[in-house]
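Q: My structure file upload07.cif, mmCIF, C-alpha atoms, is below:
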```
data_final
loop_
_atom_site.label_atom_id
_atom_site.label_comp_id
_atom_site.auth_asym_id
_atom_site.auth_seq_id
_atom_site.Cartn_x
_atom_site.Cartn_y
_atom_site.Cartn_z
CA MET H 1 -1.63 59.02 28.92
CA ASP H 2 -0.93 59.31 25.21
CA LYS H 3 2.81 58.73 25.18
CA ILE H 4 5.10 55.97 26.42
CA PRO H 5 8.52 57.30 27.47
CA ILE H 6 11.53 56.11 25.50
CA LEU H 7 14.81 55.97 27.42
CA LYS H 8 18.19 56.29 25.73
CA MET H 9 20.82 53.96 27.16
CA GLY H 10 24.05 54.30 25.21
CA PRO H 11 23.49 52.96 21.69
CA PHE H 12 20.12 51.43 22.62
CA LEU H 13 16.60 52.65 23.31
CA LEU H 14 14.51 51.15 26.10
CA VAL H 15 10.72 51.16 26.26
CA THR H 16 8.72 49.72 29.15
CA ILE H 17 5.12 48.94 28.25
CA GLN H 18 3.00 49.14 31.40
CA VAL H 19 -0.47 49.81 30.04
CA ASP H 20 -2.70 48.24 27.43
CA LEU H 21 -1.78 49.51 23.99
CA TYR H 22 -4.86 51.03 22.42
CA ASP H 23 -4.87 52.38 18.86
CA ARG H 24 -3.53 55.90 19.27
CA LEU H 25 -1.00 55.00 21.96
CA ALA H 26 0.39 52.20 19.77
CA LEU H 27 0.67 54.46 16.72
CA ASN H 28 2.34 57.20 18.81
CA LEU H 29 4.80 54.64 20.19
CA GLU H 30 5.65 53.42 16.68
CA SER H 31 6.31 56.89 15.30
CA ASP H 32 8.12 58.16 18.43
CA LEU H 33 10.39 55.11 18.46
CA ILE H 34 11.30 55.34 14.80
CA GLN H 35 12.00 59.07 15.13
CA MET H 36 14.22 58.43 18.16
CA VAL H 37 16.10 55.65 16.34
CA ASN H 38 16.75 58.11 13.54
CA LYS H 39 17.67 61.07 15.79
CA MET H 40 19.93 59.13 18.17
CA SER H 41 21.40 56.78 15.51
CA SER H 42 20.43 53.94 17.81
CA LYS H 43 21.60 50.43 16.97
CA GLY H 44 18.97 48.58 18.99
CA VAL H 45 15.54 48.82 20.59
CA LEU H 46 14.61 46.96 23.79
CA ILE H 47 10.90 46.59 24.54
CA ASP H 48 10.12 45.38 28.07
CA ILE H 49 6.69 43.76 28.38
CA SER H 50 7.09 42.30 31.89
CA ALA H 51 4.06 44.28 33.07
CA VAL H 52 1.87 43.11 30.20
CA ASN H 53 -0.57 40.33 31.12
CA ILE H 54 -2.19 39.86 27.73
CA VAL H 55 -0.55 39.94 24.31
CA ASP H 56 -3.17 39.71 21.58
CA SER H 57 -2.83 39.77 17.81
CA PHE H 58 -2.99 43.60 17.76
CA MET H 59 -0.05 43.96 20.15
CA GLY H 60 1.80 41.21 18.27
CA ARG H 61 1.39 43.18 15.05
CA ILE H 62 2.56 46.42 16.69
CA LEU H 63 5.70 44.68 18.00
CA GLY H 64 6.29 43.18 14.56
CA ASN H 65 5.81 46.59 12.90
CA ILE H 66 8.31 48.24 15.24
CA ALA H 67 10.84 45.49 14.54
CA SER H 68 10.41 45.82 10.75
CA MET H 69 10.57 49.62 10.77
CA SER H 70 13.67 49.64 12.99
CA LYS H 71 15.32 47.03 10.77
CA ILE H 72 14.98 49.38 7.79
CA LEU H 73 16.80 52.04 9.83
CA ASP H 74 19.48 49.44 10.69
CA ALA H 75 18.40 48.91 14.32
CA GLN H 76 17.64 45.53 15.90
CA THR H 77 14.60 44.99 18.13
CA VAL H 78 14.44 42.63 21.12
CA VAL H 79 11.33 42.07 23.24
CA VAL H 80 12.21 41.21 26.84
CA GLY H 81 10.53 40.13 30.07
CA MET H 82 7.60 38.22 28.63
CA GLN H 83 5.60 36.50 31.36
CA PRO H 84 5.49 32.68 31.08
CA ALA H 85 1.67 32.79 30.92
CA VAL H 86 1.85 35.15 27.95
CA ALA H 87 4.25 32.83 26.11
CA ILE H 88 1.89 29.88 26.76
CA THR H 89 -1.12 31.84 25.46
CA LEU H 90 0.76 33.03 22.36
CA VAL H 91 1.62 29.45 21.37
CA GLU H 92 -1.82 28.06 22.23
CA LEU H 93 -3.50 30.76 20.14
CA GLY H 94 -1.03 30.15 17.31
CA LEU H 95 0.18 33.77 17.36
CA PRO H 96 3.83 33.80 16.33
CA LEU H 97 5.72 37.04 17.00
CA THR H 98 7.05 37.11 13.45
CA GLY H 99 10.36 38.88 13.03
CA VAL H 100 10.63 39.70 16.72
CA ARG H 101 13.53 38.41 18.80
CA THR H 102 13.02 37.81 22.51
CA ALA H 103 15.18 37.56 25.63
CA LEU H 104 14.45 36.70 29.26
CA ASN H 105 15.22 40.11 30.77
CA VAL H 106 16.72 43.51 29.95
CA GLU H 107 20.28 42.43 30.74
CA LYS H 108 20.11 39.36 28.51
CA GLY H 109 18.36 41.46 25.84
CA MET H 110 21.25 43.94 25.87
CA GLU H 111 23.77 41.09 25.54
CA LEU H 112 21.80 39.72 22.59
CA LEU H 113 21.68 43.15 20.92
CA GLN H 114 25.40 43.64 21.44
CA SER H 115 26.25 40.24 19.94
CA MET H 116 23.87 40.84 16.99
CA ILE H 117 25.44 44.21 16.26
CA SER H 118 29.03 42.96 16.49
CA ARG H 119 28.14 40.00 14.24
CA GLU H 120 26.67 42.39 11.65
CA ASP H 121 29.71 44.63 11.81
CA SER H 122 32.10 41.75 11.23
CA ALA H 123 29.95 40.46 8.33
CA ARG H 124 30.08 43.93 6.80
CA GLU H 125 33.85 44.10 7.21
CA GLU H 126 34.21 40.75 5.45
CA GLU H 127 32.07 42.02 2.59
CA ASN H 128 34.23 45.11 2.33
CA ALA H 129 37.36 42.96 2.34
CA ASP H 130 35.87 40.86 -0.49
CA ASP H 131 35.11 44.02 -2.43
CA ASP H 132 38.69 45.18 -1.98
CA ASN H 133 39.97 41.86 -3.33
CA ILE H 134 37.83 42.22 -6.43
CA THR H 135 39.06 45.73 -7.16
CA ILE H 136 42.65 44.53 -6.85
CA MET V 1 -2.38 47.90 37.13
CA ASP V 2 -1.15 47.35 40.67
CA LYS V 3 2.55 46.92 40.02
CA ILE V 4 5.21 49.01 38.31
CA PRO V 5 7.93 46.85 36.72
CA ILE V 6 11.45 47.17 38.12
CA LEU V 7 14.26 46.47 35.65
CA LYS V 8 17.68 45.24 36.75
CA MET V 9 20.54 46.84 34.83
CA GLY V 10 23.85 45.61 36.18
CA PRO V 11 24.29 46.98 39.71
CA PHE V 12 21.34 49.36 39.33
CA LEU V 13 17.56 49.12 39.30
CA LEU V 14 15.47 51.17 36.88
CA VAL V 15 11.84 52.16 37.38
CA THR V 16 9.81 54.14 34.84
CA ILE V 17 6.77 55.82 36.34
CA GLN V 18 4.16 56.26 33.61
CA VAL V 19 0.92 56.49 35.56
CA ASP V 20 -0.34 58.52 38.48
CA LEU V 21 0.82 57.00 41.75
CA TYR V 22 -2.25 56.29 43.88
CA ASP V 23 -1.97 54.92 47.42
CA ARG V 24 -1.72 51.18 46.87
CA LEU V 25 0.45 51.45 43.76
CA ALA V 26 2.90 53.72 45.59
CA LEU V 27 3.10 51.40 48.60
CA ASN V 28 3.60 48.37 46.32
CA LEU V 29 6.37 50.23 44.48
CA GLU V 30 8.10 51.11 47.75
CA SER V 31 8.05 47.55 49.08
CA ASP V 32 8.90 45.91 45.72
CA LEU V 33 11.84 48.26 45.21
CA ILE V 34 13.27 47.70 48.67
CA GLN V 35 12.92 43.94 48.32
CA MET V 36 14.66 44.07 44.92
CA VAL V 37 17.50 46.21 46.33
CA ASN V 38 17.95 43.59 49.03
CA LYS V 39 17.66 40.55 46.73
CA MET V 40 19.90 41.88 43.95
CA SER V 41 22.37 43.68 46.27
CA SER V 42 21.81 46.74 44.10
CA LYS V 43 23.97 49.81 44.63
CA GLY V 44 21.62 52.32 43.05
CA VAL V 45 18.02 53.04 42.07
CA LEU V 46 17.07 55.14 39.04
CA ILE V 47 13.51 56.49 38.93
CA ASP V 48 12.47 57.93 35.57
CA ILE V 49 9.59 60.41 35.80
CA SER V 50 9.75 61.79 32.25
CA ALA V 51 6.14 60.72 31.65
CA VAL V 52 4.88 62.35 34.85
CA ASN V 53 3.12 65.67 34.30
CA ILE V 54 2.30 66.48 37.92
CA VAL V 55 4.45 65.91 41.01
CA ASP V 56 2.48 66.75 44.15
CA SER V 57 3.46 66.51 47.80
CA PHE V 58 2.30 62.88 47.97
CA MET V 59 4.57 61.83 45.12
CA GLY V 60 7.38 63.93 46.58
CA ARG V 61 7.03 62.06 49.86
CA ILE V 62 7.01 58.66 48.12
CA LEU V 63 10.21 59.54 46.24
CA GLY V 64 11.77 60.76 49.50
CA ASN V 65 10.71 57.55 51.28
CA ILE V 66 12.23 55.36 48.58
CA ALA V 67 15.48 57.33 48.78
CA SER V 68 15.65 57.04 52.58
CA MET V 69 14.80 53.33 52.64
CA SER V 70 17.34 52.55 49.90
CA LYS V 71 19.99 54.58 51.74
CA ILE V 72 19.57 52.33 54.80
CA LEU V 73 20.24 49.34 52.54
CA ASP V 74 23.32 51.16 51.14
CA ALA V 75 21.81 52.04 47.76
CA GLN V 76 21.69 55.53 46.25
CA THR V 77 18.57 56.92 44.56
CA VAL V 78 18.51 59.29 41.60
CA VAL V 79 15.33 60.71 40.05
CA VAL V 80 15.76 61.38 36.32
CA GLY V 81 13.91 62.93 33.41
CA MET V 82 11.87 65.52 35.28
CA GLN V 83 9.95 67.77 32.89
CA PRO V 84 10.89 71.47 33.09
CA ALA V 85 7.28 72.37 33.93
CA VAL V 86 7.35 69.97 36.87
CA ALA V 87 10.55 71.53 38.21
CA ILE V 88 8.98 75.00 37.93
CA THR V 89 5.84 73.88 39.77
CA LEU V 90 7.85 72.18 42.52
CA VAL V 91 9.77 75.36 43.27
CA GLU V 92 6.73 77.63 42.98
CA LEU V 93 4.79 75.42 45.38
CA GLY V 94 7.76 75.29 47.74
CA LEU V 95 7.95 71.49 47.58
CA PRO V 96 11.59 70.49 47.91
CA LEU V 97 12.42 66.88 47.02
CA THR V 98 14.28 66.37 50.29
CA GLY V 99 17.02 63.79 50.17
CA VAL V 100 16.43 63.03 46.51
CA ARG V 101 19.14 63.54 43.94
CA THR V 102 18.19 64.35 40.36
CA ALA V 103 19.75 64.09 36.91
CA LEU V 104 18.66 65.18 33.45
CA ASN V 105 18.22 61.74 31.90
CA VAL V 106 18.90 58.05 32.53
CA GLU V 107 22.43 58.16 31.11
CA LYS V 108 23.45 61.13 33.28
CA GLY V 109 21.72 59.50 36.25
CA MET V 110 23.81 56.36 35.78
CA GLU V 111 26.99 58.42 35.59
CA LEU V 112 26.00 60.21 38.81
CA LEU V 113 25.27 56.90 40.57
CA GLN V 114 28.59 55.46 39.42
CA SER V 115 30.53 58.48 40.67
CA MET V 116 28.64 58.47 44.00
CA ILE V 117 29.37 54.77 44.54
CA SER V 118 33.06 55.02 43.65
CA ARG V 119 33.40 58.07 45.96
CA GLU V 120 31.81 56.11 48.81
CA ASP V 121 34.08 53.14 48.21
CA SER V 122 37.21 55.26 48.28
CA ALA V 123 36.01 57.02 51.47
CA ARG V 124 35.50 53.60 53.05
CA GLU V 125 38.96 52.46 52.01
CA GLU V 126 40.49 55.55 53.60
CA GLU V 127 38.61 54.81 56.82
CA ASN V 128 39.90 51.27 56.80
CA ALA V 129 43.42 52.53 56.23
CA ASP V 130 43.05 54.88 59.23
CA ASP V 131 41.81 51.99 61.35
CA ASP V 132 44.84 49.94 60.36
CA ASN V 133 47.15 52.75 61.41
CA ILE V 134 45.52 52.92 64.82
CA THR V 135 45.88 49.20 65.44
CA ILE V 136 49.60 49.43 64.58
#
```
Can I see the file as C-alpha cells?
A:
Amino acid sequence: MDKIPILKMGPFLLVTIQVDLYDRLALNLESDLIQMVNKMSSKGVLIDISAVNIVDSFMGRILGNIASMSKILDAQTVVVGMQPAVAITLVELGLPLTGVRTALNVEKGMELLQSMISREDSAREEENADDDNITI
Amino acid sequence: MDKIPILKMGPFLLVTIQVDLYDRLALNLESDLIQMVNKMSSKGVLIDISAVNIVDSFMGRILGNIASMSKILDAQTVVVGMQPAVAITLVELGLPLTGVRTALNVEKGMELLQSMISREDSAREEENADDDNITI
C-alpha cells in the first residue's frame, strides 16, 4: 500500500491511519492531504489514529507538519482516537505533539472543528467591522 | 494488524478498508461491526473500499455477510468508493455483490442511508396507522 485514502465529509477531510507510517507513505499522505484541502476548499482535517499502537517522534513530526501545512491553507487539523497507552508513552518520552489539537473521537473532533471554524469566522467579522469603522 | 477501526458518526458507523482482508481480520471485522451496531444502536454501516484494488469472491462474501447480519439488527449497509477497475472486474468475473448497496463516495453513501432510513420509518408509520384502523 502506498496511499492512505482521504474521505471528504462535508467541509472536512477524514483520514484513518491503520498502518505504520514509513517514509514514502507519510510523504504521500502529506502531499495528498494538502492537495485535497486545496481542491475541496476544506476547512478542517480529522486524523483518526485509533488503530495506531505506537506514536514515535517521526509520526509526531508528520502530524505536526500536516497541521502546519493545513493551517497555511486556512484549514484546522484535529487528531482523534488516540489510545490511552499512546498518550502515556508520548508524555513519558517527552514528545509533545506541537501545534496539533486532539479530541477523544471523530464526533468530538468534528464538534471541535466546527467550533474553531465558527470562532474564526466571528473574529474575522469583528475585524472587518473594525476596518469599516476606521474608513468611516 | 488484527483489527480495522470502526468510527461512529452520528447514527452511522464508518469503516475504511485499507488492507487485504485475510481470514482472521475479516472475521474480526464482522464480529466487531455487529457488536458496534448493537451497542451504538446504529441505523447504518458505511464501508469505504476506495483503497482496495482487488475484490475477489471472498471479500464479496464478507461484504454480503456484513450486510445480512446488519439487516437483522435493523441497520442498512452501503459500500462506497469502489474503484472503476474493481467494478469492471466484478462484472467480468460474474461476481455480483448480492444484497449490498453501493454509492460513489462517503457523502453520497450517507445521503443514501438517510433516505433509506426515512423511507423505512414512514413505511412503518403507515403500517401502524393501518393497524390502528383495524382495531377501531
Q: Chain H residues within 10 Å of chain V, counting all atoms listed in the file: which ones, as number ranges by chain?
A: H: 1-10, 15-20, 48-53, 81, 105-108, 110
Q: Write the residues of the preceding selection, restricted to C-alpha atoms, as a compact mmCIF listing (two decimals), in the frame of the given file.
A:
```txt
# COMPACT_ATOMS: atom_id res chain seq x y z
CA MET H 1 -1.63 59.02 28.92
CA ASP H 2 -0.93 59.31 25.21
CA LYS H 3 2.81 58.73 25.18
CA ILE H 4 5.10 55.97 26.42
CA PRO H 5 8.52 57.30 27.47
CA ILE H 6 11.53 56.11 25.50
CA LEU H 7 14.81 55.97 27.42
CA LYS H 8 18.19 56.29 25.73
CA MET H 9 20.82 53.96 27.16
CA GLY H 10 24.05 54.30 25.21
CA VAL H 15 10.72 51.16 26.26
CA THR H 16 8.72 49.72 29.15
CA ILE H 17 5.12 48.94 28.25
CA GLN H 18 3.00 49.14 31.40
CA VAL H 19 -0.47 49.81 30.04
CA ASP H 20 -2.70 48.24 27.43
CA ASP H 48 10.12 45.38 28.07
CA ILE H 49 6.69 43.76 28.38
CA SER H 50 7.09 42.30 31.89
CA ALA H 51 4.06 44.28 33.07
CA VAL H 52 1.87 43.11 30.20
CA ASN H 53 -0.57 40.33 31.12
CA GLY H 81 10.53 40.13 30.07
CA ASN H 105 15.22 40.11 30.77
CA VAL H 106 16.72 43.51 29.95
CA GLU H 107 20.28 42.43 30.74
CA LYS H 108 20.11 39.36 28.51
CA MET H 110 21.25 43.94 25.87
```
Q: Mind pulling up the distance from atom CA of Arg24 of chain H to atom CA of Arg61 of chain H?
A: 14.3 Å
Q: May I ask which of the residues V:Val55, V:Ala123, V:Met69, V:Ala75 is the closest one to Leu90 of chain V, counting all atoms listed in the file?
A: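 The shortest atom-to-atom distance to Leu90 of chain V comes from V:Val55.
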Q: Got a sec: who's within 10 Å of Thr98 of chain V, counting all atoms listed in the file, leaving out chain neighbours fewer than 2 positions off, as an MDAnalysis selection string?
A: chainID V and resid 60:61 63:65 67:68 95:96 100:101
Q: Got time to write the residues from that selection, C-alpha atoms, as a PDB file, in the coordinates of the input?
A:
```
ATOM      1  CA  GLY V  60       7.380  63.930  46.580  1.00  0.00           C
ATOM      2  CA  ARG V  61       7.030  62.060  49.860  1.00  0.00           C
ATOM      3  CA  LEU V  63      10.210  59.540  46.240  1.00  0.00           C
ATOM      4  CA  GLY V  64      11.770  60.760  49.500  1.00  0.00           C
ATOM      5  CA  ASN V  65      10.710  57.550  51.280  1.00  0.00           C
ATOM      6  CA  ALA V  67      15.480  57.330  48.780  1.00  0.00           C
ATOM      7  CA  SER V  68      15.650  57.040  52.580  1.00  0.00           C
ATOM      8  CA  LEU V  95       7.950  71.490  47.580  1.00  0.00           C
ATOM      9  CA  PRO V  96      11.590  70.490  47.910  1.00  0.00           C
ATOM     10  CA  VAL V 100      16.430  63.030  46.510  1.00  0.00           C
ATOM     11  CA  ARG V 101      19.140  63.540  43.940  1.00  0.00           C
TER      12      ARG V 101
END
```
Q: For Val45 of chain V, find every residue with an atom within 6 Å (counting only C-alpha atoms), except residues of its own chain fewer than 5 positions away, and show them as a list in words.
A: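 These residues fall inside the cut-off: Phe12, Leu13 and Thr77 of chain V.
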Q: Rounded to one decimal in Å, what is the spacing between atom CA of Gly94 of chain H and atom CA of Glu111 of chain H?
A: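 We find that atom CA of Gly94 of chain H and atom CA of Glu111 of chain H lie 28.3 Å from each other.
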Q: Report, in Å with one decimal, the straight-line distance from atom CA of Ile47 of chain H to atom CA of Pro11 of chain H.
A: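 Distance reported for this atom pair: 14.4 Å.
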Q: Find the spatial neighbours of segment 26-29 of chain H, counting only C-alpha atoms, within a cut-off of 7 Å - ignore same-chain residues fewer than 3 positions away - and output them as a ChimeraX atom specification.
A: /H:3-4,21-23,32-33,62
Q: Please provide the set of residues having any atom within 12 Å of Val91 of chain H, restricted to only C-alpha atoms, with same-chain residues fewer than 6 positions apart removed, written as a short mmCIF file (atom, residue, chain, number, x, y, z; two decimals) with C-alpha atoms, keeping the file's coordinate frame.
A:
```
data_model
loop_
_atom_site.label_atom_id
_atom_site.label_comp_id
_atom_site.auth_asym_id
_atom_site.auth_seq_id
_atom_site.Cartn_x
_atom_site.Cartn_y
_atom_site.Cartn_z
CA VAL H 55 -0.55 39.94 24.31
CA ASP H 56 -3.17 39.71 21.58
CA SER H 57 -2.83 39.77 17.81
CA PRO H 84 5.49 32.68 31.08
CA ALA H 85 1.67 32.79 30.92
CA LEU H 97 5.72 37.04 17.00
#
```
Q: Between V:Leu14, V:Gln76, V:Leu25, V:Ser42, which residue has the minimum interatomic distance to Glu120 of chain V, considering only C-alpha atoms?
A: V:Gln76
Q: I'd like to know which of H:Ser122, H:Gly44, H:Asp130, H:Val78 is closest to Gly109 of chain H, using all atoms listed in the file.
A: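 The answer is H:Val78, which sits nearest to Gly109 of chain H.
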Q: Box for segment 94-109 of chain V: with edges along x, y and z, all listed atoms inside and 8 Å added on each side, what are the centre and edge lengths in Å to one decimal, as AutoDock Vina command-line options?
A:
```
--center_x 15.6 --center_y 66.7 --center_z 40.7 --size_x 31.7 --size_y 33.2 --size_z 35.2
```
Q: Could you check the closest approach to Asp121 of chain H for each of H:Lys43, H:Phe58, H:Ala103, H:Leu73 and tell me which residue wins, using only C-alpha atoms?
A: H:Lys43
